[in-house]
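Novice: This is protein-v3.tsv, which holds TSV, C-alpha atoms and all ligand atoms:
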```tsv
chain	number	residue	atom	x	y	z
N	645	MET	CA	44.62	-44.50	-18.70
N	646	ALA	CA	46.35	-44.66	-15.37
N	647	THR	CA	45.19	-41.11	-14.65
N	648	LYS	CA	41.59	-41.95	-15.55
N	649	ASN	CA	41.56	-44.98	-13.20
N	650	ALA	CA	42.94	-42.83	-10.42
N	651	GLN	CA	40.10	-40.40	-11.00
N	652	ASP	CA	37.51	-43.21	-11.09
N	653	SER	CA	38.67	-44.52	-7.75
N	654	LYS	CA	37.98	-41.07	-6.23
N	655	LEU	CA	34.37	-41.02	-7.47
N	656	VAL	CA	31.78	-41.50	-4.77
N	657	LYS	CA	29.22	-44.15	-5.56
N	658	PRO	CA	25.60	-43.01	-5.95
N	659	PRO	CA	23.46	-43.70	-2.88
N	660	VAL	CA	21.19	-46.13	-4.72
N	661	GLU	CA	22.26	-48.50	-7.49
N	662	PHE	CA	19.77	-50.43	-9.61
N	663	ASP	CA	20.52	-53.87	-11.02
N	664	ALA	CA	18.65	-53.25	-14.24
N	665	MET	CA	16.62	-50.59	-15.98
N	666	VAL	CA	12.93	-50.78	-15.09
N	667	SER	CA	10.12	-49.81	-17.43
N	668	PRO	CA	7.88	-46.79	-16.73
N	669	GLU	CA	4.88	-49.14	-16.66
N	670	GLN	CA	6.42	-51.22	-13.88
N	671	LEU	CA	7.32	-48.10	-11.90
N	672	LEU	CA	3.83	-46.71	-12.22
N	673	LEU	CA	2.34	-49.92	-10.86
N	674	ASN	CA	4.30	-49.39	-7.67
N	675	ALA	CA	3.99	-45.60	-7.48
N	676	GLU	CA	2.75	-44.24	-4.13
N	677	GLU	CA	0.74	-41.08	-3.77
N	678	ALA	CA	2.46	-38.22	-1.94
N	679	PRO	CA	0.83	-37.20	1.35
N	680	LYS	CA	-1.93	-34.60	0.94
N	681	ILE	CA	-0.96	-31.11	2.03
N	682	THR	CA	-3.54	-30.31	4.68
N	683	ASP	CA	-2.14	-27.18	6.37
N	684	ARG	CA	-4.62	-24.37	6.01
N	685	LEU	CA	-2.02	-21.81	5.00
N	686	ASN	CA	0.74	-23.25	2.86
N	687	LEU	CA	2.30	-22.03	-0.36
N	688	PHE	CA	2.28	-25.55	-1.84
N	689	PRO	CA	1.14	-26.96	-4.21
N	690	PHE	CA	1.48	-24.38	-6.97
N	691	ASP	CA	-0.55	-23.71	-10.06
N	692	TRP	CA	-0.61	-20.85	-12.50
N	693	ARG	CA	-4.29	-20.50	-13.33
N	694	VAL	CA	-5.59	-17.12	-14.47
N	695	GLU	CA	-9.23	-16.43	-13.68
N	696	THR	CA	-9.19	-12.69	-14.27
N	697	PRO	CA	-7.29	-12.07	-17.54
N	698	ARG	CA	-7.71	-8.30	-17.18
N	699	LEU	CA	-5.55	-8.42	-14.04
N	700	MET	CA	-2.81	-10.16	-15.98
N	701	GLU	CA	-3.00	-7.51	-18.70
N	702	ILE	CA	-2.58	-4.69	-16.18
N	703	TYR	CA	0.27	-6.61	-14.57
N	704	ASN	CA	2.01	-6.92	-17.94
N	705	ASP	CA	1.64	-3.19	-18.51
N	706	SER	CA	3.13	-2.52	-15.08
N	707	ARG	CA	6.40	-4.40	-15.63
N	708	ASP	CA	8.10	-1.16	-16.56
N	709	PRO	CA	6.70	1.57	-14.29
N	710	GLY	CA	8.32	4.17	-16.56
N	711	TRP	CA	10.16	6.05	-13.83
N	712	SER	CA	12.64	5.63	-11.02
N	713	PRO	CA	12.84	7.70	-7.82
N	714	ALA	CA	16.64	7.64	-8.08
N	715	GLN	CA	16.47	9.44	-11.42
N	716	LEU	CA	14.27	12.33	-10.33
N	717	PRO	CA	16.03	15.74	-10.44
N	718	TRP	CA	16.89	15.79	-6.71
N	719	HIS	CA	20.00	17.88	-7.42
N	720	GLU	CA	17.67	20.72	-8.45
N	721	LEU	CA	16.11	20.87	-5.00
N	722	ASP	CA	17.52	24.08	-3.58
N	723	VAL	CA	17.46	23.28	0.13
N	724	GLU	CA	19.74	26.23	0.96
N	725	SER	CA	17.25	28.74	-0.39
N	726	MET	CA	14.54	27.49	1.98
N	727	THR	CA	14.14	28.69	5.55
N	728	LEU	CA	14.62	26.07	8.26
N	729	ASP	CA	10.88	26.05	8.93
N	730	GLN	CA	10.10	25.52	5.25
N	731	ARG	CA	12.44	22.50	5.24
N	732	TYR	CA	10.86	21.13	8.40
N	733	ALA	CA	7.36	21.71	7.07
N	734	ILE	CA	7.93	19.84	3.79
N	735	ALA	CA	9.82	17.03	5.54
N	736	TYR	CA	6.90	16.87	7.99
N	737	TRP	CA	4.42	16.30	5.20
N	738	PHE	CA	6.52	13.46	3.80
N	739	ALA	CA	6.70	11.93	7.28
N	740	LEU	CA	2.91	12.10	7.43
N	741	LEU	CA	2.78	10.51	3.97
N	742	SER	CA	5.19	7.80	5.10
N	743	VAL	CA	2.61	6.46	7.58
N	744	PHE	CA	0.61	5.45	4.50
N	745	ASP	CA	3.14	5.10	1.69
N	746	ALA	CA	6.26	3.83	3.47
N	747	SER	CA	4.20	1.09	5.09
N	748	GLY	CA	2.99	0.18	1.58
N	749	PRO	CA	5.78	-2.27	0.69
N	750	ALA	CA	5.29	-4.33	3.87
N	751	VAL	CA	1.50	-4.12	3.67
N	752	PHE	CA	1.32	-5.39	0.10
N	753	ALA	CA	4.14	-7.91	0.56
N	754	ARG	CA	2.11	-9.35	3.40
N	755	ALA	CA	-0.97	-9.45	1.19
N	756	MET	CA	1.08	-11.16	-1.52
N	757	ILE	CA	2.29	-13.88	0.86
N	758	HIS	CA	-1.30	-14.32	2.02
N	759	ALA	CA	-2.42	-14.67	-1.61
N	760	TYR	CA	0.14	-17.47	-2.05
N	761	GLU	CA	-0.97	-19.19	1.13
N	762	THR	CA	-4.63	-19.10	0.15
N	763	HIS	CA	-3.87	-20.24	-3.40
N	764	GLU	CA	-5.30	-17.26	-5.20
N	765	GLU	CA	-5.01	-17.20	-8.96
N	766	ASP	CA	-1.62	-16.28	-10.38
N	767	ALA	CA	-2.89	-12.87	-11.55
N	768	ILE	CA	-3.73	-11.82	-7.97
N	769	ARG	CA	-0.30	-12.86	-6.66
N	770	LYS	CA	1.37	-10.98	-9.49
N	771	CYS	CA	-0.68	-7.85	-9.00
N	772	PHE	CA	0.27	-7.71	-5.30
N	773	PHE	CA	3.89	-8.10	-6.32
N	774	SER	CA	3.57	-5.20	-8.75
N	775	VAL	CA	1.95	-2.96	-6.13
N	776	THR	CA	4.66	-3.92	-3.61
N	777	ARG	CA	7.34	-2.84	-6.08
N	778	ASP	CA	5.56	0.47	-6.78
N	779	GLU	CA	5.13	1.14	-3.08
N	780	MET	CA	8.85	0.60	-2.61
N	781	ASN	CA	9.35	3.49	-5.07
N	782	HIS	CA	6.91	5.67	-3.15
N	783	GLU	CA	8.64	4.82	0.10
N	784	GLU	CA	11.95	5.78	-1.50
N	785	VAL	CA	10.56	9.21	-2.40
N	786	CYS	CA	9.45	9.74	1.23
N	787	GLY	CA	12.91	8.79	2.48
N	788	LYS	CA	14.79	10.84	-0.08
N	789	ALA	CA	12.75	14.01	0.57
N	790	ILE	CA	12.97	13.67	4.35
N	791	THR	CA	16.72	12.99	4.46
N	792	LEU	CA	17.60	15.77	2.02
N	793	LEU	CA	15.62	18.32	4.03
N	794	THR	CA	16.38	16.96	7.52
N	795	PRO	CA	19.43	14.63	7.46
N	796	ASN	CA	18.84	11.47	9.54
N	797	GLY	CA	15.21	12.57	9.79
N	798	PRO	CA	12.49	12.41	10.58
N	799	LEU	CA	13.26	11.37	14.15
N	800	GLY	CA	17.06	11.34	14.16
N	801	TYR	CA	17.28	15.01	13.17
N	802	GLU	CA	17.63	17.69	15.84
N	803	PRO	CA	15.35	20.61	14.85
N	804	GLU	CA	16.56	24.11	15.61
N	805	THR	CA	13.27	25.99	15.68
N	806	GLU	CA	10.11	25.73	17.77
N	807	LEU	CA	8.05	24.74	14.74
N	808	GLY	CA	10.64	22.06	13.93
N	809	LYS	CA	10.33	20.68	17.46
N	810	LEU	CA	6.54	20.64	17.16
N	811	ALA	CA	6.89	18.82	13.83
N	812	ARG	CA	9.05	16.14	15.43
N	813	ASN	CA	6.60	15.70	18.28
N	814	ASN	CA	3.74	15.35	15.78
N	815	ILE	CA	5.71	12.75	13.81
N	816	GLN	CA	6.25	10.69	16.96
N	817	TRP	CA	2.48	10.66	17.44
N	818	LEU	CA	1.88	9.80	13.80
N	819	TYR	CA	4.21	6.82	14.03
N	820	HIS	CA	2.54	5.73	17.27
N	821	ASN	CA	-0.72	5.54	15.30
N	822	GLY	CA	0.96	3.91	12.31
N	823	ALA	CA	2.26	1.18	14.62
N	824	ARG	CA	-1.30	0.59	15.90
N	825	TYR	CA	-2.52	0.33	12.33
N	826	TRP	CA	0.16	-2.25	11.49
N	827	ASN	CA	-0.75	-4.44	14.48
N	828	GLY	CA	-4.39	-4.44	13.40
N	829	TYR	CA	-3.62	-4.96	9.72
N	830	LYS	CA	-1.50	-8.08	10.34
N	831	ARG	CA	-4.48	-9.77	11.99
N	832	ALA	CA	-7.09	-8.35	9.60
N	833	VAL	CA	-5.37	-9.51	6.43
N	834	GLU	CA	-5.71	-13.16	7.48
N	835	MET	CA	-9.35	-12.75	8.42
N	836	TYR	CA	-10.93	-11.56	5.21
N	837	PRO	CA	-11.44	-13.14	1.79
N	838	MET	CA	-9.78	-11.47	-1.19
N	839	GLY	CA	-12.95	-9.65	-2.29
N	840	ILE	CA	-13.13	-7.80	1.00
N	841	LEU	CA	-9.41	-7.06	1.03
N	842	PHE	CA	-9.62	-5.67	-2.49
N	843	SER	CA	-12.62	-3.49	-1.58
N	844	SER	CA	-10.57	-2.04	1.25
N	845	PHE	CA	-7.53	-1.53	-0.95
N	846	LEU	CA	-9.83	0.13	-3.48
N	847	PHE	CA	-10.64	2.85	-0.97
N	848	GLY	CA	-6.94	3.42	-0.37
N	849	GLU	CA	-6.22	3.67	-4.07
N	850	VAL	CA	-9.08	6.10	-4.65
N	851	ALA	CA	-7.66	8.21	-1.83
N	852	SER	CA	-4.06	8.06	-3.02
N	853	SER	CA	-4.74	8.76	-6.69
N	854	THR	CA	-6.83	11.77	-5.63
N	855	LEU	CA	-4.18	13.02	-3.23
N	856	PHE	CA	-1.25	12.80	-5.64
N	857	HIS	CA	-3.22	14.34	-8.45
N	858	SER	CA	-3.95	17.41	-6.33
N	859	MET	CA	-0.39	17.57	-4.98
N	860	TYR	CA	0.95	17.40	-8.53
N	861	GLN	CA	-1.30	20.23	-9.66
N	862	ASN	CA	-0.52	22.51	-6.72
N	863	THR	CA	3.20	21.98	-6.24
N	864	THR	CA	5.66	24.27	-8.01
N	865	ILE	CA	8.93	22.63	-6.80
N	866	PRO	CA	10.03	20.62	-9.90
N	867	VAL	CA	11.34	17.44	-8.25
N	868	PHE	CA	8.26	17.05	-6.08
N	869	LYS	CA	5.91	17.88	-8.92
N	870	GLU	CA	7.56	15.17	-11.02
N	871	ALA	CA	7.46	12.67	-8.16
N	872	PHE	CA	3.74	13.30	-7.54
N	873	ARG	CA	2.95	12.90	-11.25
N	874	ASN	CA	4.62	9.48	-11.33
N	875	ILE	CA	3.29	8.28	-8.00
N	876	GLY	CA	-0.20	9.40	-9.04
N	877	ARG	CA	0.05	7.33	-12.22
N	878	ASP	CA	1.13	4.26	-10.20
N	879	GLU	CA	-1.79	4.75	-7.83
N	880	GLY	CA	-4.16	4.97	-10.80
N	881	ARG	CA	-2.87	1.58	-11.94
N	882	HIS	CA	-3.45	0.13	-8.46
N	883	LEU	CA	-6.97	1.44	-8.70
N	884	SER	CA	-7.37	-0.41	-12.04
N	885	PHE	CA	-6.19	-3.65	-10.40
N	886	CYS	CA	-8.82	-3.30	-7.72
N	887	LEU	CA	-11.59	-2.42	-10.18
N	888	ALA	CA	-10.72	-5.33	-12.50
N	889	LEU	CA	-10.98	-7.84	-9.68
N	890	LEU	CA	-14.02	-6.31	-8.00
N	891	LYS	CA	-15.99	-6.32	-11.24
N	892	GLU	CA	-15.83	-10.12	-11.01
N	893	VAL	CA	-16.10	-10.51	-7.26
N	894	LEU	CA	-18.67	-7.94	-6.09
N	895	PRO	CA	-21.65	-9.49	-7.92
N	896	LYS	CA	-20.92	-12.85	-6.23
N	897	MET	CA	-20.61	-11.53	-2.67
N	898	SER	CA	-23.00	-12.63	0.07
N	899	GLU	CA	-25.04	-10.00	1.91
N	900	GLU	CA	-22.88	-10.53	4.97
N	901	GLU	CA	-19.70	-9.91	3.00
N	902	LYS	CA	-21.21	-6.78	1.48
N	903	MET	CA	-21.95	-5.50	4.98
N	904	THR	CA	-18.32	-6.12	5.93
N	905	VAL	CA	-17.27	-4.04	2.92
N	906	THR	CA	-19.51	-1.21	4.14
N	907	LYS	CA	-17.83	-1.36	7.56
N	908	GLN	CA	-14.38	-1.46	5.98
N	909	PHE	CA	-15.23	1.67	3.98
N	910	ARG	CA	-16.05	3.50	7.18
N	911	ALA	CA	-12.77	2.24	8.70
N	912	GLY	CA	-10.92	3.27	5.56
N	913	PHE	CA	-12.41	6.71	5.65
N	914	ILE	CA	-11.34	7.23	9.26
N	915	PHE	CA	-7.81	6.00	8.70
N	916	LEU	CA	-7.19	7.73	5.36
N	917	SER	CA	-8.68	11.02	6.56
N	918	GLY	CA	-5.41	11.30	8.50
N	919	ILE	CA	-3.82	12.54	5.28
N	920	LEU	CA	-6.68	13.30	2.91
N	921	TYR	CA	-8.45	15.56	5.39
N	922	GLU	CA	-7.83	15.68	9.13
N	923	PRO	CA	-7.41	12.74	11.54
N	924	PRO	CA	-10.70	11.72	13.25
N	925	ALA	CA	-10.39	10.85	16.95
N	926	GLU	CA	-12.19	7.51	16.39
N	927	PHE	CA	-8.88	6.01	15.37
N	928	TRP	CA	-6.21	8.64	15.72
N	929	HIS	CA	-4.81	9.05	19.24
N	930	LEU	CA	-3.31	12.54	19.13
N	931	PRO	CA	-2.55	15.21	21.71
N	932	PRO	CA	-4.29	18.65	21.66
N	933	THR	CA	-1.17	20.31	20.23
N	934	PHE	CA	-1.22	18.08	17.15
N	935	LEU	CA	-3.74	19.82	14.90
N	936	PRO	CA	-2.68	23.43	15.55
N	937	ALA	CA	0.94	22.45	14.89
N	938	GLN	CA	0.03	20.56	11.72
N	939	ARG	CA	-1.95	23.52	10.39
N	940	MET	CA	1.00	25.84	10.97
N	941	LEU	CA	3.35	23.41	9.23
N	942	GLU	CA	1.01	23.14	6.24
N	943	GLU	CA	0.87	26.90	5.95
N	944	VAL	CA	4.67	27.19	5.95
N	945	ALA	CA	5.04	24.36	3.39
N	946	ARG	CA	2.69	26.23	1.06
N	947	THR	CA	4.90	29.33	1.23
N	948	ALA	CA	7.72	27.23	-0.25
N	949	GLY	CA	5.60	26.13	-3.24
N	950	PHE	CA	4.59	22.79	-1.77
N	951	GLY	CA	1.05	22.01	-2.89
N	952	ILE	CA	-0.89	21.02	0.21
N	953	LEU	CA	-4.54	21.89	-0.36
N	954	THR	CA	-6.34	24.10	2.12
N	955	LEU	CA	-8.67	22.40	4.57
N	956	GLU	CA	-11.74	23.37	2.57
N	957	GLU	CA	-10.18	22.19	-0.69
N	958	ARG	CA	-9.20	18.91	0.96
N	959	ARG	CA	-12.71	18.39	2.22
N	960	ALA	CA	-14.18	18.97	-1.26
N	961	ASN	CA	-11.52	16.78	-2.87
N	962	TRP	CA	-12.04	13.92	-0.43
N	963	ARG	CA	-15.78	14.16	-0.92
N	964	THR	CA	-15.45	13.96	-4.72
N	965	ALA	CA	-13.22	10.88	-4.40
N	966	VAL	CA	-15.57	9.15	-1.96
N	967	VAL	CA	-18.64	9.87	-4.08
N	968	ARG	CA	-16.76	8.35	-7.02
N	969	LEU	CA	-16.20	5.20	-4.97
N	970	LYS	CA	-19.84	5.20	-3.97
N	971	THR	CA	-20.98	5.20	-7.60
N	972	ILE	CA	-18.66	2.25	-8.32
N	973	VAL	CA	-19.91	-0.04	-5.55
N	974	GLU	CA	-23.57	0.87	-5.05
N	975	PRO	CA	-24.76	-0.70	-8.33
N	976	HIS	CA	-23.47	-4.03	-6.94
N	977	GLY	CA	-25.65	-3.75	-3.86
N	978	VAL	CA	-22.87	-2.64	-1.53
N	979	LYS	CA	-24.27	-0.01	0.83
N	980	PHE	CA	-22.13	3.00	1.54
N	981	PRO	CA	-21.45	4.10	5.13
N	982	ALA	CA	-22.52	7.50	6.41
N	983	LEU	CA	-19.59	9.91	6.40
N	984	PRO	CA	-21.06	12.96	8.11
N	985	GLU	CA	-17.57	14.52	8.35
N	986	ILE	CA	-17.70	15.26	4.62
N	987	ASP	CA	-21.47	15.37	4.25
N	988	VAL	CA	-22.04	11.94	2.68
N	989	ASP	CA	-25.26	10.09	3.60
N	990	GLY	CA	-25.38	6.35	4.15
N	991	GLU	CA	-25.56	3.46	6.61
N	992	ASP	CA	-24.57	3.97	10.22
N	993	VAL	CA	-21.94	1.33	10.91
N	994	ALA	CA	-19.75	0.42	13.86
N	995	PHE	CA	-16.05	1.14	13.72
N	996	ASP	CA	-13.43	-1.34	14.89
N	997	ALA	CA	-9.96	0.16	15.16
N	998	ASP	CA	-8.34	-3.29	15.14
N	999	LYS	CA	-9.58	-4.28	11.72
N	1000	ILE	CA	-8.41	-1.53	9.43
N	1001	VAL	CA	-7.18	-2.77	6.05
N	1002	PRO	CA	-6.95	0.10	3.55
N	1003	ILE	CA	-3.64	1.49	2.49
N	1004	PHE	CA	-2.15	3.46	-0.40
Y	1101	FE	FE	-1.38	2.27	-4.29
Y	1102	FE	FE	1.72	4.40	-2.86
```
Give the structure from the file, written as structure tokens.

Specialist:
Amino acid sequence: MATKNAQDSKLVKPPVEFDAMVSPEQLLLNAEEAPKITDRLNLFPFDWRVETPRLMEIYNDSRDPGWSPAQLPWHELDVESMTLDQRYAIAYWFALLSVFDASGPAVFARAMIHAYETHEEDAIRKCFFSVTRDEMNHEEVCGKAITLLTPNGPLGYEPETELGKLARNNIQWLYHNGARYWNGYKRAVEMYPMGILFSSFLFGEVASSTLFHSMYQNTTIPVFKEAFRNIGRDEGRHLSFCLALLKEVLPKMSEEEKMTVTKQFRAGFIFLSGILYEPPAEFWHLPPTFLPAQRMLEEVARTAGFGILTLEERRANWRTAVVRLKTIVEPHGVKFPALPEIDVDGEDVAFDADKIVPIF
């Protein structure tokens, strides 16, 4: 007993002590309402409503993506058997891809936070989370390929050949443009309602699923072929997310919002052409050496079995993807922009480099 009393004396008293138990009824009579949360962008209060059950279904199917970049057969990549220029050329392509795919985790994480702040339904928050996780895998593939082929690359590697030096210069320019994109995106994501954001993401997902499908078909190097197959499947799922939401949202959009979507499609085309086709000068600030160097690098990558399509094939591929997008949105009264670069008719719309949203 003596020990127990000693322990009791050490106990700290609770901050508030009540004389007697009160009834719930009495408490309720005196209950005060909590202050209203009036900040425009705040995570609180929470709810878990689901307005688009299809989104939740796709999210559930995405919980196990079915692959892991760490478990791809990287050990089979025979770097030693490649020439230096072949290594530089393949690493170059992954650096180009990283402008789109390695920015993916941050882009979608930002969209996810925004979805919390604007109190979107639970299914939208969850689908952004799922895409963020997938993009982290795609980013990992970019990093793994680049660092295996050019240790500390892309910019911390010292190339030994002229083509390698040109590749590094090109990458510096690509990242300069990627940084401009990111500055615009951060502002744009807060400006647009979810329907417009999803329309823009839709363009990115159409582009990425098309790109990885073609890269999978044309690449003969096993680890890259396997990576493209898996990334392509993820991108197809992102496309399904976008379609599931837009099916609900597009019919309810105002004419003004639809016009914004048209403009965003033009912006998306210009930005994504940087990898799907060739970078248009309307957004891409690049020096005159950029394109000739890139074409040489692509040619060398092909000699190693890396499946970059030829310019003509890319043009046809990009056109097919865009026409597919056009047939999805036009029945909802969304006009398509003119894309004379790939021979697609449509509305002439202005382009604003500071408001680009689309991403892989
Ligand atoms: Fe994606
Ligand atoms: Fe991706």

Novice: Of the residues N:Glu779, N:Glu991, N:Asp998, N:Glu942, which is the one nearest to ligand FE 1101 (chain Y), using only C-alpha atoms and all ligand atoms?

Specialist: N:Glu779

Novice: Looking at N:Val775, N:Leu671, N:Ile734, N:Ile1000, which one is nearest to ligand FE 1102 (chain Y), with distances taken over all atoms listed in the file?

Specialist: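 So, comparing all the options, the nearest one is N:Val775.
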
Novice: Can you tell me which residues come within 12 Å of ligand FE 1101 (chain Y) when counting all atoms listed in the file, ideally as a tab-separated table (two decimals) with C-alpha atoms, in the frame of the given file?

Specialist:
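File pocket.tsv, as written:
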```
chain	number	residue	atom	x	y	z
N	744	PHE	CA	0.61	5.45	4.50
N	745	ASP	CA	3.14	5.10	1.69
N	746	ALA	CA	6.26	3.83	3.47
N	747	SER	CA	4.20	1.09	5.09
N	748	GLY	CA	2.99	0.18	1.58
N	749	PRO	CA	5.78	-2.27	0.69
N	751	VAL	CA	1.50	-4.12	3.67
N	752	PHE	CA	1.32	-5.39	0.10
N	771	CYS	CA	-0.68	-7.85	-9.00
N	772	PHE	CA	0.27	-7.71	-5.30
N	773	PHE	CA	3.89	-8.10	-6.32
N	774	SER	CA	3.57	-5.20	-8.75
N	775	VAL	CA	1.95	-2.96	-6.13
N	776	THR	CA	4.66	-3.92	-3.61
N	777	ARG	CA	7.34	-2.84	-6.08
N	778	ASP	CA	5.56	0.47	-6.78
N	779	GLU	CA	5.13	1.14	-3.08
N	780	MET	CA	8.85	0.60	-2.61
N	781	ASN	CA	9.35	3.49	-5.07
N	782	HIS	CA	6.91	5.67	-3.15
N	783	GLU	CA	8.64	4.82	0.10
N	842	PHE	CA	-9.62	-5.67	-2.49
N	844	SER	CA	-10.57	-2.04	1.25
N	845	PHE	CA	-7.53	-1.53	-0.95
N	846	LEU	CA	-9.83	0.13	-3.48
N	847	PHE	CA	-10.64	2.85	-0.97
N	848	GLY	CA	-6.94	3.42	-0.37
N	849	GLU	CA	-6.22	3.67	-4.07
N	850	VAL	CA	-9.08	6.10	-4.65
N	851	ALA	CA	-7.66	8.21	-1.83
N	852	SER	CA	-4.06	8.06	-3.02
N	853	SER	CA	-4.74	8.76	-6.69
N	854	THR	CA	-6.83	11.77	-5.63
N	855	LEU	CA	-4.18	13.02	-3.23
N	856	PHE	CA	-1.25	12.80	-5.64
N	874	ASN	CA	4.62	9.48	-11.33
N	875	ILE	CA	3.29	8.28	-8.00
N	876	GLY	CA	-0.20	9.40	-9.04
N	877	ARG	CA	0.05	7.33	-12.22
N	878	ASP	CA	1.13	4.26	-10.20
N	879	GLU	CA	-1.79	4.75	-7.83
N	880	GLY	CA	-4.16	4.97	-10.80
N	881	ARG	CA	-2.87	1.58	-11.94
N	882	HIS	CA	-3.45	0.13	-8.46
N	883	LEU	CA	-6.97	1.44	-8.70
N	884	SER	CA	-7.37	-0.41	-12.04
N	885	PHE	CA	-6.19	-3.65	-10.40
N	886	CYS	CA	-8.82	-3.30	-7.72
N	1002	PRO	CA	-6.95	0.10	3.55
N	1003	ILE	CA	-3.64	1.49	2.49
N	1004	PHE	CA	-2.15	3.46	-0.40
```

Novice: Restricting the calculation to all atoms listed in the file, which member of N:Ala948, N:Ala982, N:Leu687, N:Met700 is positioned closest to Thr906 of chain N?

Specialist: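 Distance minimum relative to Thr906 of chain N lands on N:Ala982.
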
Novice: Report, in Å to a single decimal, how far apart atom CA of Arg939 of chain N and atom CA of Ser742 of chain N are.

Specialist: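 Between these atoms lies a distance of 18.1 Å.
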
Novice: Excluding segment 919-928 of chain N and residues on its chain fewer than 5 positions from it, collect all residues at most 7 Å away from it, counting only C-alpha atoms, and give them as a list in words.

Specialist: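 Here the qualifying residues turn out to be Asn821, Leu855, Ile914, Leu955, Arg958, Arg959, Trp962 and Ala997 of chain N.
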
Novice: Expressed in Å to a single decimal, how great is the separation between atom CA of Phe868 of chain N and atom CA of Pro717 of chain N?

Specialist: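 Separating atom CA of Phe868 of chain N from atom CA of Pro717 of chain N is a distance of 9.0 Å.
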
Novice: Have a look at atom CA of Ala965 of chain N and atom CA of Asp992 of chain N and let me know their distance in Å, one decimal.

Specialist: 19.8 Å

Novice: In terms of the shortest atom-to-atom distance over all atoms listed in the file, which of N:Ile702, N:Ala750, N:Ile790, N:Leu685 is closest to Lys770 of chain N?

Specialist: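 Of N:Ile702, N:Ala750, N:Ile790, N:Leu685, the one nearest Lys770 of chain N, counting all atoms listed in the file, is N:Ile702.
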
Novice: Taking all atoms listed in the file into account, name the residue in N:Glu974, N:Asp722, N:Glu669, N:Glu834 that is nearest to Met903 of chain N.

Specialist: N:Glu974

Novice: If we count only C-alpha atoms and set the cut-off at 9 Å, which residues sit around segment 760-764 of chain N, ignoring sequence neighbours fewer than 3 positions away in its own chain? Please answer as a list in words.

Specialist: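 So the residues in contact are Arg684, Leu685, Asn686, Leu687, Phe688, Pro689, Phe690, Asp691, Arg693, Ala755, Met756, Ile757, Ala767, Ile768, Arg769 and Met838 of chain N.
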
Novice: Which of these, N:Val993, N:Gly912, N:Pro932, N:Gly828, has the shortest distance to Leu969 of chain N once you count all atoms listed in the file?

Specialist: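 Ranked by minimum distance to Leu969 of chain N, first place goes to N:Gly912.
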
Novice: Hey, what's within 9 Å of segment 861-866 of chain N if we count only C-alpha atoms and toss same-chain stuff fewer than 6 positions away? As a PyMOL selection string, please?

Specialist: chain N and resi 717-718+720-721+872-873+946+948-953

Novice: Kindly compute an axis-aligned box around the listed atoms of segment 719-722 of chain N, allowing 3 Å on each side, and express its centre and edge lengths in Å to one decimal as AutoDock Vina command-line options.

Specialist:
```
--center_x 18.1 --center_y 21.0 --center_z -6.0 --size_x 9.9 --size_y 12.2 --size_z 10.9
```
